[in-house]
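Beneath this line is the structure, given in structure tokens, with notes to follow.
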Amino acid sequence: MRRFDTRRQSLDEIRAALRRPLLWDVPVTGRARATLDRLFGPGTTPLEAVRRILDSVRREGDAALVRWTRELDRVEMPPGELWVGAERLQAAASDPSLASLVPPLRAAAAAIERFHRRQAPAPVFEESAPGIQVGWWPRPVRRAAVYVPGGLAPLLSTVLMGVIPARIAGVEEIVVATPPPVHPGILLAARLAGADRVLQVGGAQAVAALAYGTESVPPVDVIVGPGNLFVQLAKREVVGIVGIDALAGPSEVVVMADGEAPSGWIAADLVAQAEHAPDAAAILVSDSEPLVEAVLAAIERELSTLARGDLARSALEAWGAAIVCRSLDPEGVELVSTIAPEHLEVVAQDAIALAGRVRSAGAIFIGPHSPVALGDYAAGSNHILPTNGTARFASGLGVHTFVRASAMVHASPRGLAGMAGTVQALASAEGLEAHARSIAVRLEADDRRGGERR
Ligand SMILES: NC(=O)c1ccc[n+]([C@@H]2O[C@H](COP(=O)([O-])OP(=O)(O)OC[C@H]3O[C@@H](n4cnc5c(N)ncnc54)[C@H](O)[C@@H]3O)[C@@H](O)[C@H]2O)c1
Ligand SMILES: N[C@H](CO)Cc1c[nH]c[nH+]1
Ligand SMILES: [Zn+2]
């Protein structure tokens, strides 16, 4: 883990060192780099590759999905099998080897459902002036797709986090998209959550199919869900053709802890997010140097026992940081606010007040008994959250993600007459005579009819 200390370095220096590259500037290494070089030519950037994938799916449809699935996922998928068949979904639901997954999935689903029901936006109607009613009428989108990552781990909990809010919003058709081979637990979760279909295509090619449509994939209105660099870049490219949720990329956690925090628990929470992906970020901010030392030692012990220890270690080496600061407030608060992390854990005296002082974070976990893993699975809050500083302006997924609203206006003849002067004055000021006319023709007609201005 990189080490920083505000007693020896300025906050600006530390901020600059911690800054993550923007999504389209993220350097790719290792296998991902080799794949890009092989398929698209040496030095191709992820954004260039994503644009090529999107373009080919738009032009060639299913044939491109089959080709990219072969090249990127190494799975041979005939066009007729892009959707998981009903029998396979049914089989997952009655698979005895998955039976022990049913109670935890149901418990998590119930908590997510209970909490998200409270988020359903209610219509607003009111009289804004005598005889003028205005309204805000939220309605669900017709079709939504939930992307469920499957490259490094089959995130079956993500199925619940995406599908349940869409269902509560009232979306007519909800599809799940995930890379093949699809883990049967994802199929089981899709059934339990109420998804209509599962598309066994992943990466940028899935986003392209869902945005543009292909022979066998109808286009959707909204594409949501977490995923790696390629998935998030693709989502960003198709904005405007479809709606998206936030850019929910590689996982992040920042833990703010004082000297009393249990070092072993903090270490476990940092490693937990680091085990998601080699580009996950885990950062400790503390006003206690002994605590930082104890956490670093505990991380080493954790890594040596975990199956995904090597993966977590590479994430911690590349994107991890331990920062000793003179104070949690204001110094720690200032640093964390500029990071705007996906997850923030606060394990310190006055944790609630301290958390309240941080300007931006996708989800906040307060106190020593609130590890991020609770929110990842079953607390009821959503785990599809903005990353890479985008919590400055974006929120996690919720029922609102699947809803857009129509504004409504109804006026009586008297209401129109009462507001006419205001509208005509503003229309004239803008030089838009026809706007003013659209009011005048009505007033004149009403006058001719003899005062219909009730
Ligand atoms: N922010 C959140 O809310 C949140 C929640 C859960 C998971 N996550 C993150 O989601 C990510 C999941 O990533 P993943 O890789 O496991 O699964 P993924 O499904 O997102 O990505 C796998 C797909 O990426 C594509 N791909 C891989 N290498 C490629 C290359 N070189 N060129 C083009 N396409 C390529 C392939 O099509 C593959 O099917 C992790 O980073 C995890 O931290 C974030
Ligand atoms: N921590 C992830 C969001 O960054 C969500 C997740 C799914 N499964 C486990 N964790
Ligand atoms: Zn997680």
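As shown in the structure tokens, the chain order sets the letters A, B, ...; within each chain, residues go from 1, and ligands are also counted from 1 in the order they appear.
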Q: For range 159-165 of chain A, list every protein, DNA or RNA residue within 10 Å, evaluated using only C-alpha atoms, and leave out those in the same chain fewer than 3 positions away; present the list as a ChimeraX atom specification.
A: /A:105-106,108-110,112-113,115-117,119-120,144-149,154-156,168-171,174-178,185-196,224-226,376-378,380-384,397-402
Q.
If the limit is 7 Å from any atom of ligand 1, counting only C-alpha atoms and all ligand atoms, which residues qualify? Return them as number ranges by chain.
A. A: 31-33, 35-36, 46, 49-50, 69, 72-73, 148-153, 158, 178-179, 202-205, 226-228, 230-231, 248-251, 276-277, 279-280, 342, 383-387
Q: Within 9 Å of Leu296 in chain A, counting only C-alpha atoms, which residues show up once you throw out same-chain ones fewer than 5 positions away? Write them as an NGL selection string, please.
A: :A and (1 or 263 or 267 or 291 or 301 or 322)
Find the residues around Trp83 in chain A up to 10 Å (only C-alpha atoms counted), leave out those fewer than 2 positions away in its own chain, and share them as a short mmCIF file (atom, residue, chain, number, x, y, z; two decimals) with N, CA and C atoms, in the first residue's frame.
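So around24.cif came out as:
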```
data_model
loop_
_atom_site.label_atom_id
_atom_site.label_comp_id
_atom_site.auth_asym_id
_atom_site.auth_seq_id
_atom_site.Cartn_x
_atom_site.Cartn_y
_atom_site.Cartn_z
N MET A 77 -21.27 -19.29 -28.92
CA MET A 77 -22.68 -19.04 -28.58
C MET A 77 -23.47 -18.81 -29.87
N PRO A 79 -26.38 -17.78 -32.46
CA PRO A 79 -27.34 -16.69 -32.29
C PRO A 79 -28.62 -17.13 -31.59
N GLY A 80 -29.05 -18.36 -31.85
CA GLY A 80 -30.29 -18.85 -31.24
C GLY A 80 -30.18 -19.07 -29.74
N GLU A 81 -28.97 -19.00 -29.22
CA GLU A 81 -28.80 -19.27 -27.78
C GLU A 81 -28.35 -18.04 -26.99
N GLY A 85 -32.47 -20.17 -22.13
CA GLY A 85 -33.78 -20.79 -22.35
C GLY A 85 -34.58 -20.93 -21.07
N ALA A 86 -35.93 -20.95 -21.25
CA ALA A 86 -36.84 -21.02 -20.11
C ALA A 86 -36.57 -22.27 -19.27
N VAL A 175 -34.64 -7.16 -18.25
CA VAL A 175 -33.73 -8.23 -18.66
C VAL A 175 -32.42 -8.09 -17.90
N VAL A 176 -31.80 -9.24 -17.67
CA VAL A 176 -30.48 -9.29 -17.05
C VAL A 176 -29.50 -9.65 -18.15
N ALA A 177 -28.35 -8.96 -18.19
CA ALA A 177 -27.29 -9.33 -19.15
C ALA A 177 -26.04 -9.66 -18.37
N ARG A 197 -36.01 -12.06 -18.54
CA ARG A 197 -35.14 -12.88 -19.39
C ARG A 197 -33.69 -12.63 -19.03
N VAL A 198 -32.84 -13.57 -19.41
CA VAL A 198 -31.40 -13.41 -19.15
C VAL A 198 -30.64 -13.54 -20.49
N LEU A 199 -29.91 -12.47 -20.82
CA LEU A 199 -29.09 -12.45 -22.03
C LEU A 199 -27.69 -12.88 -21.65
N GLN A 200 -27.20 -13.96 -22.28
CA GLN A 200 -25.87 -14.43 -21.88
C GLN A 200 -24.79 -13.81 -22.78
N VAL A 201 -24.72 -12.51 -22.68
CA VAL A 201 -23.71 -11.73 -23.39
C VAL A 201 -23.20 -10.69 -22.38
N SER A 216 -32.07 -10.37 -32.48
CA SER A 216 -32.72 -11.12 -31.41
C SER A 216 -32.77 -10.37 -30.08
N VAL A 217 -32.17 -9.18 -30.01
CA VAL A 217 -32.21 -8.42 -28.74
C VAL A 217 -32.96 -7.11 -28.97
#
```
Q. What are the DSSP helix (DSSP H, G or I) residues of range 160-387 of chain A, as a PyMOL selection string?
A. chain A and resi 160-169+184-193+203-212+229-237+263-274+289-305+309-319+328-339+351-357+372-377
Q. What is the distance between CA of Gly43 in chain A and CA of Ala63 in chain A, in Å to one decimal?
A.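 It comes out at 26.0 Å.
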(Q) So, with only C-alpha atoms and all ligand atoms as the atoms that count, which of A:Ala17, A:Val238, A:Ala355, A:Leu270 lies closest to ligand 2? (A) A:Leu270
